[in-house]
file final.csv (CSV, C-alpha atoms)
chain,number,residue,atom,x,y,z
T,114,MET,CA,28.0,-3.2,15.3
T,115,ILE,CA,24.7,-4.9,14.5
T,116,ALA,CA,25.1,-8.7,13.9
T,117,LYS,CA,23.9,-9.9,10.5
T,118,GLN,CA,20.9,-12.1,10.3
T,119,LYS,CA,21.8,-15.6,9.2
T,120,ILE,CA,20.0,-17.5,6.5
T,121,LEU,CA,20.5,-21.3,6.0
T,122,ILE,CA,20.0,-22.3,2.4
T,123,VAL,CA,19.2,-25.9,1.8
T,124,ASP,CA,19.1,-27.0,-1.9
T,125,ASP,CA,20.6,-30.0,-3.7
T,126,ASP,CA,21.2,-27.7,-6.8
T,127,ASN,CA,24.4,-25.9,-5.7
T,128,ASN,CA,24.1,-23.4,-8.6
T,129,ILE,CA,20.7,-22.3,-7.4
T,130,ALA,CA,21.9,-22.2,-3.8
T,131,GLU,CA,24.9,-20.0,-4.7
T,132,LEU,CA,22.6,-17.7,-6.7
T,133,ILE,CA,20.3,-17.3,-3.8
T,134,SER,CA,23.2,-16.7,-1.5
T,135,LEU,CA,24.5,-13.9,-3.8
T,136,TYR,CA,21.2,-12.1,-3.7
T,137,LEU,CA,20.9,-12.4,0.1
T,138,THR,CA,24.6,-11.4,0.7
T,139,LYS,CA,24.0,-8.2,-1.3
T,140,GLU,CA,21.2,-7.5,1.2
T,141,CYS,CA,23.7,-7.9,4.1
T,142,PHE,CA,22.5,-11.3,5.2
T,143,GLU,CA,25.0,-14.0,6.3
T,144,THR,CA,24.4,-17.2,4.4
T,145,TYR,CA,25.3,-20.9,4.8
T,146,ILE,CA,24.7,-23.5,2.1
T,147,VAL,CA,24.0,-27.2,2.5
T,148,ASN,CA,22.9,-29.7,-0.2
T,149,ASP,CA,21.1,-32.5,1.6
T,150,GLY,CA,18.7,-33.1,4.5
T,151,GLU,CA,21.1,-34.6,7.0
T,152,SER,CA,23.5,-31.7,6.6
T,153,ALA,CA,20.6,-29.3,7.0
T,154,LEU,CA,19.7,-30.7,10.4
T,155,GLU,CA,23.4,-30.5,11.5
T,156,ALA,CA,23.8,-27.0,10.1
T,157,PHE,CA,20.6,-25.9,12.0
T,158,GLU,CA,22.3,-26.8,15.3
T,159,GLU,CA,25.7,-25.3,14.4
T,160,PHE,CA,24.8,-22.3,12.3
T,161,GLU,CA,21.7,-21.2,14.4
T,162,PRO,CA,20.0,-19.5,11.5
T,163,ASN,CA,17.4,-16.8,11.8
T,164,LEU,CA,15.5,-18.2,8.8
T,165,ILE,CA,15.8,-21.4,6.6
T,166,LEU,CA,15.2,-21.5,2.9
T,167,LEU,CA,14.3,-25.2,2.4
T,168,ASP,CA,14.1,-27.1,-0.9
T,169,LEU,CA,11.7,-30.1,-0.7
T,170,MET,CA,13.4,-32.5,-3.1
T,171,LEU,CA,16.6,-33.4,-1.3
T,172,PRO,CA,18.7,-36.5,-1.3
T,173,GLY,CA,18.3,-38.7,1.8
T,174,ILE,CA,16.1,-36.9,4.2
T,175,ASP,CA,13.6,-34.8,2.1
T,176,GLY,CA,12.6,-31.3,2.9
T,177,TYR,CA,9.3,-32.3,4.5
T,178,GLN,CA,11.1,-34.5,7.1
T,179,VAL,CA,13.7,-31.7,7.7
T,180,CYS,CA,10.8,-29.3,8.4
T,181,ARG,CA,9.1,-31.8,10.7
T,182,GLU,CA,12.2,-32.4,12.8
T,183,ILE,CA,13.1,-28.7,13.1
T,184,ARG,CA,9.5,-27.8,14.0
T,185,ALA,CA,9.6,-30.4,16.8
T,186,LYS,CA,12.1,-28.2,18.6
T,187,SER,CA,12.1,-24.7,17.1
T,188,GLN,CA,9.8,-22.1,15.6
T,189,VAL,CA,12.6,-20.6,13.4
T,190,PRO,CA,10.9,-19.3,10.2
T,191,ILE,CA,11.0,-21.7,7.2
T,192,ILE,CA,10.3,-20.8,3.6
T,193,MET,CA,9.9,-23.9,1.4
T,194,LEU,CA,11.2,-23.8,-2.1
T,195,SER,CA,10.0,-26.3,-4.7
T,196,ALA,CA,9.4,-27.0,-8.4
T,197,LYS,CA,6.3,-28.9,-7.3
T,198,GLY,CA,3.4,-26.6,-7.7
T,199,GLU,CA,0.5,-28.8,-6.8
T,200,ILE,CA,-1.9,-27.5,-4.1
T,201,PHE,CA,-1.4,-30.8,-2.1
T,202,ASP,CA,2.4,-30.1,-1.8
T,203,LYS,CA,1.8,-26.5,-0.7
T,204,VAL,CA,-0.8,-27.4,1.9
T,205,LEU,CA,1.3,-30.3,3.3
T,206,GLY,CA,4.3,-27.9,3.7
T,207,LEU,CA,2.1,-25.4,5.6
T,208,GLU,CA,0.7,-28.2,7.8
T,209,LEU,CA,4.2,-29.3,8.7
T,210,GLY,CA,4.9,-25.7,9.9
T,211,ALA,CA,6.4,-23.8,7.0
T,212,ASP,CA,5.8,-20.0,7.1
T,213,ASP,CA,5.8,-19.6,3.4
T,214,TYR,CA,6.1,-21.6,0.1
T,215,MET,CA,7.7,-20.4,-3.1
T,216,GLU,CA,7.4,-22.3,-6.4
T,217,LYS,CA,10.5,-22.5,-8.6
T,218,PRO,CA,11.4,-20.7,-10.7
T,219,PHE,CA,11.0,-17.6,-8.6
T,220,ASP,CA,11.9,-14.0,-9.0
T,221,SER,CA,15.0,-13.0,-6.9
T,222,LYS,CA,13.5,-9.7,-5.7
T,223,GLU,CA,10.3,-11.5,-4.5
T,224,LEU,CA,12.4,-14.1,-2.6
T,225,VAL,CA,14.4,-11.3,-0.8
T,226,ALA,CA,11.1,-9.5,-0.1
T,227,ARG,CA,9.5,-12.5,1.4
T,228,VAL,CA,12.6,-13.3,3.5
T,229,LYS,CA,12.6,-9.8,4.9
T,230,ALA,CA,8.8,-9.8,5.5
T,231,VAL,CA,9.0,-13.1,7.5
T,232,LEU,CA,12.0,-11.9,9.5
T,233,ARG,CA,10.2,-8.7,10.4
T,234,ARG,CA,7.3,-10.6,11.8
T,235,TYR,CA,9.2,-13.2,13.7
T,236,LYS,CA,10.5,-12.9,17.2
T,237,GLU,CA,11.8,-15.9,19.3
T,238,PRO,CA,10.0,-16.0,22.6
T,239,GLU,CA,12.5,-15.6,25.4
T,240,ASN,CA,10.5,-17.2,28.3
T,241,LYS,CA,8.0,-19.9,28.6
T,242,THR,CA,6.0,-17.8,31.0
T,243,VAL,CA,5.8,-14.0,30.4
T,244,GLU,CA,3.8,-11.1,31.4
T,245,PRO,CA,1.5,-9.4,28.9
T,246,VAL,CA,2.9,-6.2,27.3
T,247,LYS,CA,0.4,-3.3,27.2
T,248,ASP,CA,0.6,-1.6,23.8
T,249,SER,CA,-1.6,-0.3,21.0
T,250,GLN,CA,-1.4,-3.4,18.9
T,251,THR,CA,-2.8,-6.0,21.4
T,252,VAL,CA,-6.1,-7.8,21.9
T,253,GLU,CA,-6.9,-9.3,25.2
T,254,TYR,CA,-9.6,-11.6,26.4
T,255,GLN,CA,-10.0,-13.8,29.5
T,256,ASP,CA,-6.9,-16.2,29.4
T,257,LEU,CA,-5.7,-14.8,26.0
T,258,HIS,CA,-3.4,-12.0,25.1
T,259,VAL,CA,-2.1,-11.4,21.6
T,260,SER,CA,0.4,-8.7,20.7
T,261,LEU,CA,1.7,-7.6,17.3
T,262,THR,CA,4.3,-5.4,19.0
T,263,ASN,CA,6.4,-8.3,20.2
T,264,TYR,CA,4.7,-11.1,18.3
T,265,SER,CA,3.6,-12.9,21.4
T,266,VAL,CA,0.6,-15.0,22.3
T,267,ILE,CA,-0.1,-15.7,26.0
T,268,TYR,CA,-2.7,-18.3,26.7
T,269,LYS,CA,-3.6,-19.1,30.3
T,270,GLY,CA,-0.4,-17.4,31.5
T,271,GLU,CA,2.0,-19.3,29.3
T,272,SER,CA,3.7,-18.1,26.1
T,273,ILE,CA,2.6,-20.1,23.1
T,274,ASN,CA,5.0,-20.7,20.2
T,275,MET,CA,3.2,-19.5,17.1
T,276,PRO,CA,4.7,-18.7,13.7
T,277,PRO,CA,4.0,-15.2,12.3
T,278,LYS,CA,1.1,-16.1,10.0
T,279,GLU,CA,-0.8,-18.0,12.6
T,280,LEU,CA,-0.3,-15.1,15.1
T,281,GLU,CA,-1.4,-12.5,12.6
T,282,LEU,CA,-4.5,-14.5,11.6
T,283,LEU,CA,-5.5,-15.0,15.3
T,284,PHE,CA,-4.9,-11.3,16.0
T,285,PHE,CA,-6.9,-10.2,13.0
T,286,LEU,CA,-9.9,-12.3,13.9
T,287,ALA,CA,-9.7,-11.4,17.6
T,288,SER,CA,-9.5,-7.7,16.7
T,289,SER,CA,-13.0,-7.9,15.1
T,290,PRO,CA,-15.0,-10.1,17.5
T,291,ASN,CA,-18.2,-11.7,16.1
T,292,GLN,CA,-17.5,-10.4,12.6
T,293,VAL,CA,-17.5,-13.1,9.8
T,294,PHE,CA,-14.6,-13.1,7.3
T,295,THR,CA,-14.5,-15.2,4.1
T,296,ARG,CA,-11.5,-17.3,3.4
T,297,GLU,CA,-10.7,-15.0,0.5
T,298,GLN,CA,-10.8,-11.9,2.7
T,299,LEU,CA,-8.5,-13.5,5.3
T,300,LEU,CA,-6.1,-14.8,2.6
T,301,ASP,CA,-5.9,-11.3,1.1
T,302,ARG,CA,-5.6,-9.5,4.5
T,303,ILE,CA,-3.0,-11.8,6.1
T,304,TRP,CA,-0.8,-12.8,3.2
T,305,GLY,CA,-1.3,-9.6,1.3
T,306,TYR,CA,0.4,-10.6,-2.0
T,307,ASP,CA,-0.2,-13.1,-4.9
T,308,TYR,CA,0.2,-16.1,-2.6
T,309,PRO,CA,0.9,-19.4,-4.5
T,310,GLY,CA,-1.6,-21.3,-2.4
T,311,ASP,CA,-5.4,-21.2,-2.3
T,312,THR,CA,-8.1,-20.6,0.4
T,313,ARG,CA,-7.2,-24.0,2.0
T,314,THR,CA,-4.1,-22.2,3.3
T,315,VAL,CA,-6.5,-20.4,5.7
T,316,ASP,CA,-8.0,-23.7,6.8
T,317,VAL,CA,-4.6,-25.1,7.6
T,318,HIS,CA,-3.6,-22.2,9.7
T,319,ILE,CA,-6.9,-22.1,11.6
T,320,LYS,CA,-6.4,-25.9,12.3
T,321,ARG,CA,-2.9,-25.2,13.7
T,322,ILE,CA,-4.2,-22.3,15.9
T,323,ARG,CA,-6.9,-24.5,17.3
T,324,GLU,CA,-4.4,-27.1,18.2
T,325,LYS,CA,-2.6,-24.6,20.4
T,326,ILE,CA,-5.5,-22.4,21.6
T,327,LYS,CA,-8.5,-24.4,22.7
T,328,ASP,CA,-12.1,-23.0,22.7
T,329,HIS,CA,-12.8,-20.9,25.9
T,330,GLU,CA,-16.1,-20.5,27.7
T,331,LYS,CA,-15.9,-16.8,26.8
T,332,TRP,CA,-14.5,-16.9,23.3
T,333,LYS,CA,-13.6,-19.2,20.4
T,334,ILE,CA,-12.8,-19.3,16.7
T,335,GLU,CA,-15.9,-20.4,15.0
T,336,THR,CA,-16.3,-21.9,11.5
T,337,VAL,CA,-19.1,-20.3,9.5
T,338,TRP,CA,-19.8,-23.1,7.1
T,339,CYS,CA,-19.5,-22.4,3.4
T,340,VAL,CA,-18.3,-18.8,4.3
T,341,GLY,CA,-15.3,-18.6,6.5
T,342,TYR,CA,-14.5,-17.9,10.2
T,343,LYS,CA,-15.2,-15.5,13.1
T,344,PHE,CA,-13.9,-15.0,16.6
T,345,THR,CA,-17.0,-15.4,18.7
T,346,THR,CA,-17.3,-13.8,22.2
T,347,VAL,CA,-19.9,-14.3,24.9

call {"tool": "encode", "arguments": {"input": "final.csv", "output": "structure tokens"}}
result
Amino acid sequence: MIAKQKILIVDDDNNIAELISLYLTKECFETYIVNDGESALEAFEEFEPNLILLDLMLPGIDGYQVCREIRAKSQVPIIMLSAKGEIFDKVLGLELGADDYMEKPFDSKELVARVKAVLRRYKEPENKTVEPVKDSQTVEYQDLHVSLTNYSVIYKGESINMPPKELELLFFLASSPNQVFTREQLLDRIWGYDYPGDTRTVDVHIKRIREKIKDHEKWKIETVWCVGYKFTTV
């Protein structure tokens, strides 16, 4: 019997949380609800979720801090939920490591679709050091191997923890070396739906990739000012 994937729902409005749980349970997910930040951190350790739906406005420890503390020790997918629709809030959430951001009120079908999409892309790395897997969805350069088959990034022989969107963005750029892509093209290609953010979302993810993957003498992610980005090779 296949184990159900587990979703941790963190929302101070229990009515909303119960409604989300109902939708996800119908899709054969196992859910667990908490209503504050401190309980969320405890439930993360005990429930061991495959994905977290995280409201930002929580009593005590807010959603931003919960995300920050979880990201310090895990790459479990996080989708932020908030009634705050300002670009600043969305960008901040992404900078802290969220994989997606949904503005309340949201459509239940879209929420379920995004949960499934993020889970399809995510795979927890099993080892710190792994061997590259040869397959049809990989790109490989000196000291860099990126695979969409098992969602892995190997940099200088070590596995790099990288959320799905960062990995997909790196893979897409590296798959078309020396080709310039606008921010709009990257946003449309990687996110693929009516994303609630703007083109700064791309900048945030590029920044996070660069923090993990440094420029190499043979390749680098290059900023093309006033246009976008390209993966440059020598």

call {"tool": "residues_around", "arguments": {"input": "final.csv", "residues": "Cys339 of chain T", "least_positions_apart": "5", "cutoff": "12 Å", "atoms": "all atoms listed in the file", "output": "list of chain:residue names"}}
result
T:Val293, T:Phe294, T:Thr295, T:Arg296, T:Glu297, T:Thr312

call {"tool": "write_last_selection", "arguments": {"input": "final.csv", "atoms": "C-alpha atoms", "output": "PDB file, in the frame of the given file"}}
result
ATOM      1  CA  VAL T 293     -17.500 -13.100   9.800  1.00  0.00           C
ATOM      2  CA  PHE T 294     -14.600 -13.100   7.300  1.00  0.00           C
ATOM      3  CA  THR T 295     -14.500 -15.200   4.100  1.00  0.00           C
ATOM      4  CA  ARG T 296     -11.500 -17.300   3.400  1.00  0.00           C
ATOM      5  CA  GLU T 297     -10.700 -15.000   0.500  1.00  0.00           C
ATOM      6  CA  THR T 312      -8.100 -20.600   0.400  1.00  0.00           C
TER       7      THR T 312
END

call {"tool": "atom_distance", "arguments": {"input": "final.csv", "atom1": "atom CA of Gln178 of chain T", "atom2": "atom CA of Pro276 of chain T"}}
result
18.3 Å

call {"tool": "atom_distance", "arguments": {"input": "final.csv", "atom1": "atom CA of Thr345 of chain T", "atom2": "atom CA of Tyr264 of chain T"}}
result
22.1 Å

call {"tool": "residues_around", "arguments": {"input": "final.csv", "residues": "Glu131 of chain T", "least_positions_apart": "5", "cutoff": "12 Å", "atoms": "all atoms listed in the file", "output": "PDB file with C-alpha atoms, keeping the file's coordinate frame"}}
result
ATOM      1  CA  LEU T 121      20.500 -21.300   6.000  1.00  0.00           C
ATOM      2  CA  ILE T 122      20.000 -22.300   2.400  1.00  0.00           C
ATOM      3  CA  VAL T 123      19.200 -25.900   1.800  1.00  0.00           C
ATOM      4  CA  ASP T 124      19.100 -27.000  -1.900  1.00  0.00           C
ATOM      5  CA  ASP T 125      20.600 -30.000  -3.700  1.00  0.00           C
ATOM      6  CA  ASP T 126      21.200 -27.700  -6.800  1.00  0.00           C
ATOM      7  CA  TYR T 136      21.200 -12.100  -3.700  1.00  0.00           C
ATOM      8  CA  LEU T 137      20.900 -12.400   0.100  1.00  0.00           C
ATOM      9  CA  THR T 138      24.600 -11.400   0.700  1.00  0.00           C
ATOM     10  CA  THR T 144      24.400 -17.200   4.400  1.00  0.00           C
ATOM     11  CA  TYR T 145      25.300 -20.900   4.800  1.00  0.00           C
ATOM     12  CA  ILE T 146      24.700 -23.500   2.100  1.00  0.00           C
ATOM     13  CA  VAL T 147      24.000 -27.200   2.500  1.00  0.00           C
ATOM     14  CA  ASN T 148      22.900 -29.700  -0.200  1.00  0.00           C
TER      15      ASN T 148
END

call {"tool": "closest_residue", "arguments": {"input": "final.csv", "among": "T:Pro190, T:Val179, T:Phe219, T:Lys229", "to": "Cys141 of chain T", "atoms": "only C-alpha atoms"}}
result
T:Lys229

call {"tool": "closest_residue", "arguments": {"input": "final.csv", "among": "T:Leu224, T:Val189, T:Cys180, T:Ala287", "to": "Thr251 of chain T", "atoms": "all atoms listed in the file"}}
result
T:Ala287

call {"tool": "residues_near_point", "arguments": {"input": "final.csv", "point": "(2.3, -30.5, -3.4)", "cutoff": "12 Å", "atoms": "all atoms listed in the file", "output": "PDB file with C-alpha atoms, keeping the file's coordinate frame"}}
result
ATOM      1  CA  LEU T 169      11.700 -30.100  -0.700  1.00  0.00           C
ATOM      2  CA  MET T 170      13.400 -32.500  -3.100  1.00  0.00           C
ATOM      3  CA  TYR T 177       9.300 -32.300   4.500  1.00  0.00           C
ATOM      4  CA  MET T 193       9.900 -23.900   1.400  1.00  0.00           C
ATOM      5  CA  LEU T 194      11.200 -23.800  -2.100  1.00  0.00           C
ATOM      6  CA  SER T 195      10.000 -26.300  -4.700  1.00  0.00           C
ATOM      7  CA  ALA T 196       9.400 -27.000  -8.400  1.00  0.00           C
ATOM      8  CA  LYS T 197       6.300 -28.900  -7.300  1.00  0.00           C
ATOM      9  CA  GLY T 198       3.400 -26.600  -7.700  1.00  0.00           C
ATOM     10  CA  GLU T 199       0.500 -28.800  -6.800  1.00  0.00           C
ATOM     11  CA  ILE T 200      -1.900 -27.500  -4.100  1.00  0.00           C
ATOM     12  CA  PHE T 201      -1.400 -30.800  -2.100  1.00  0.00           C
ATOM     13  CA  ASP T 202       2.400 -30.100  -1.800  1.00  0.00           C
ATOM     14  CA  LYS T 203       1.800 -26.500  -0.700  1.00  0.00           C
ATOM     15  CA  VAL T 204      -0.800 -27.400   1.900  1.00  0.00           C
ATOM     16  CA  LEU T 205       1.300 -30.300   3.300  1.00  0.00           C
ATOM     17  CA  GLY T 206       4.300 -27.900   3.700  1.00  0.00           C
ATOM     18  CA  LEU T 207       2.100 -25.400   5.600  1.00  0.00           C
ATOM     19  CA  GLU T 208       0.700 -28.200   7.800  1.00  0.00           C
ATOM     20  CA  TYR T 214       6.100 -21.600   0.100  1.00  0.00           C
ATOM     21  CA  MET T 215       7.700 -20.400  -3.100  1.00  0.00           C
ATOM     22  CA  GLU T 216       7.400 -22.300  -6.400  1.00  0.00           C
ATOM     23  CA  PRO T 309       0.900 -19.400  -4.500  1.00  0.00           C
ATOM     24  CA  GLY T 310      -1.600 -21.300  -2.400  1.00  0.00           C
TER      25      GLY T 310
END

call {"tool": "closest_residue", "arguments": {"input": "final.csv", "among": "T:Arg234, T:Lys320, T:Lys139, T:Lys278", "to": "Arg302 of chain T", "atoms": "only C-alpha atoms"}}
result
T:Lys278

call {"tool": "atom_distance", "arguments": {"input": "final.csv", "atom1": "atom CA of Phe157 of chain T", "atom2": "atom CA of Asp316 of chain T"}}
result
29.2 Å

call {"tool": "closest_residue", "arguments": {"input": "final.csv", "among": "T:Asp212, T:Asp168, T:Glu335, T:Asp220", "to": "Asn291 of chain T", "atoms": "all atoms listed in the file"}}
result
T:Glu335

call {"tool": "residues_around", "arguments": {"input": "final.csv", "residues": "Lys343 of chain T", "least_positions_apart": "6", "cutoff": "12 Å", "atoms": "only C-alpha atoms", "output": "compact mmCIF listing (two decimals) with C-alpha atoms, keeping the file's coordinate frame"}}
result
# COMPACT_ATOMS: atom_id res chain seq x y z
CA LEU T 282 -4.50 -14.50 11.60
CA LEU T 283 -5.50 -15.00 15.30
CA PHE T 284 -4.90 -11.30 16.00
CA PHE T 285 -6.90 -10.20 13.00
CA LEU T 286 -9.90 -12.30 13.90
CA ALA T 287 -9.70 -11.40 17.60
CA SER T 288 -9.50 -7.70 16.70
CA SER T 289 -13.00 -7.90 15.10
CA PRO T 290 -15.00 -10.10 17.50
CA ASN T 291 -18.20 -11.70 16.10
CA GLN T 292 -17.50 -10.40 12.60
CA VAL T 293 -17.50 -13.10 9.80
CA PHE T 294 -14.60 -13.10 7.30
CA THR T 295 -14.50 -15.20 4.10
CA ARG T 296 -11.50 -17.30 3.40
CA GLN T 298 -10.80 -11.90 2.70
CA LEU T 299 -8.50 -13.50 5.30
CA ILE T 319 -6.90 -22.10 11.60
CA TRP T 332 -14.50 -16.90 23.30
CA LYS T 333 -13.60 -19.20 20.40
CA ILE T 334 -12.80 -19.30 16.70
CA GLU T 335 -15.90 -20.40 15.00
CA THR T 336 -16.30 -21.90 11.50
CA VAL T 337 -19.10 -20.30 9.50

call {"tool": "residues_around", "arguments": {"input": "final.csv", "residues": "Glu143 of chain T", "least_positions_apart": "3", "cutoff": "7 Å", "atoms": "all atoms listed in the file", "output": "list in words"}}
result
Lys117, Gln118, Lys119, Ile120 and Thr138 of chain T

call {"tool": "closest_residue", "arguments": {"input": "final.csv", "among": "T:Lys186, T:Phe344, T:Val225, T:Pro162", "to": "Val252 of chain T", "atoms": "only C-alpha atoms"}}
result
T:Phe344

call {"tool": "decode", "arguments": {"input": "final.csv", "residues": "segment 115-124 of chain T", "atoms": "all heavy atoms", "output": "compact mmCIF listing (two decimals), in the first residue's frame"}}
result
# COMPACT_ATOMS: atom_id res chain seq x y z
N ILE T 115 0.58 2.17 -0.90
CA ILE T 115 1.36 3.39 -1.01
C ILE T 115 0.99 4.37 0.09
O ILE T 115 -0.19 4.66 0.31
CB ILE T 115 1.14 4.06 -2.39
CG1 ILE T 115 1.57 3.11 -3.51
CG2 ILE T 115 1.93 5.36 -2.48
CD1 ILE T 115 1.28 3.62 -4.89
N ALA T 116 2.00 4.87 0.80
CA ALA T 116 1.75 5.82 1.89
C ALA T 116 1.25 7.14 1.34
O ALA T 116 1.72 7.61 0.29
CB ALA T 116 3.01 6.02 2.70
N LYS T 117 0.31 7.74 2.03
CA LYS T 117 -0.20 9.04 1.62
C LYS T 117 0.84 10.12 1.88
O LYS T 117 1.58 10.06 2.86
CB LYS T 117 -1.48 9.37 2.39
CG LYS T 117 -2.67 8.50 2.06
CD LYS T 117 -3.90 8.97 2.85
CE LYS T 117 -5.13 8.13 2.52
NZ LYS T 117 -6.32 8.60 3.28
N GLN T 118 0.87 11.10 0.97
CA GLN T 118 1.75 12.24 1.21
C GLN T 118 1.10 13.15 2.25
O GLN T 118 -0.11 13.36 2.25
CB GLN T 118 2.00 12.99 -0.10
CG GLN T 118 2.87 12.19 -1.06
CD GLN T 118 3.18 12.95 -2.32
OE1 GLN T 118 2.27 13.27 -3.09
NE2 GLN T 118 4.44 13.25 -2.55
N LYS T 119 1.93 13.71 3.11
CA LYS T 119 1.44 14.44 4.27
C LYS T 119 1.59 15.96 4.07
O LYS T 119 2.66 16.44 3.70
CB LYS T 119 2.18 14.00 5.52
CG LYS T 119 1.96 12.52 5.83
CD LYS T 119 2.55 12.12 7.16
CE LYS T 119 4.05 12.12 7.15
NZ LYS T 119 4.61 11.60 8.42
N ILE T 120 0.51 16.69 4.34
CA ILE T 120 0.49 18.14 4.19
C ILE T 120 0.25 18.78 5.57
O ILE T 120 -0.76 18.49 6.22
CB ILE T 120 -0.62 18.62 3.23
CG1 ILE T 120 -0.58 17.82 1.93
CG2 ILE T 120 -0.48 20.11 2.97
CD1 ILE T 120 0.65 18.00 1.10
N LEU T 121 1.16 19.63 6.00
CA LEU T 121 0.98 20.39 7.23
C LEU T 121 0.32 21.72 6.88
O LEU T 121 0.86 22.50 6.08
CB LEU T 121 2.33 20.64 7.91
CG LEU T 121 2.31 21.51 9.17
CD1 LEU T 121 1.44 20.89 10.26
CD2 LEU T 121 3.73 21.74 9.68
N ILE T 122 -0.85 21.98 7.47
CA ILE T 122 -1.60 23.22 7.20
C ILE T 122 -1.44 24.13 8.41
O ILE T 122 -1.83 23.77 9.53
CB ILE T 122 -3.09 22.92 6.95
CG1 ILE T 122 -3.24 21.94 5.77
CG2 ILE T 122 -3.86 24.21 6.69
CD1 ILE T 122 -4.65 21.40 5.62
N VAL T 123 -0.89 25.31 8.19
CA VAL T 123 -0.65 26.26 9.28
C VAL T 123 -1.45 27.52 9.00
O VAL T 123 -1.12 28.29 8.10
CB VAL T 123 0.85 26.61 9.40
CG1 VAL T 123 1.09 27.47 10.64
CG2 VAL T 123 1.71 25.36 9.43
N ASP T 124 -2.52 27.74 9.75
CA ASP T 124 -3.37 28.91 9.54
C ASP T 124 -4.09 29.22 10.84
O ASP T 124 -4.64 28.32 11.48
CB ASP T 124 -4.39 28.64 8.42
CG ASP T 124 -4.97 29.93 7.84
OD1 ASP T 124 -5.47 30.76 8.63
OD2 ASP T 124 -4.92 30.09 6.62
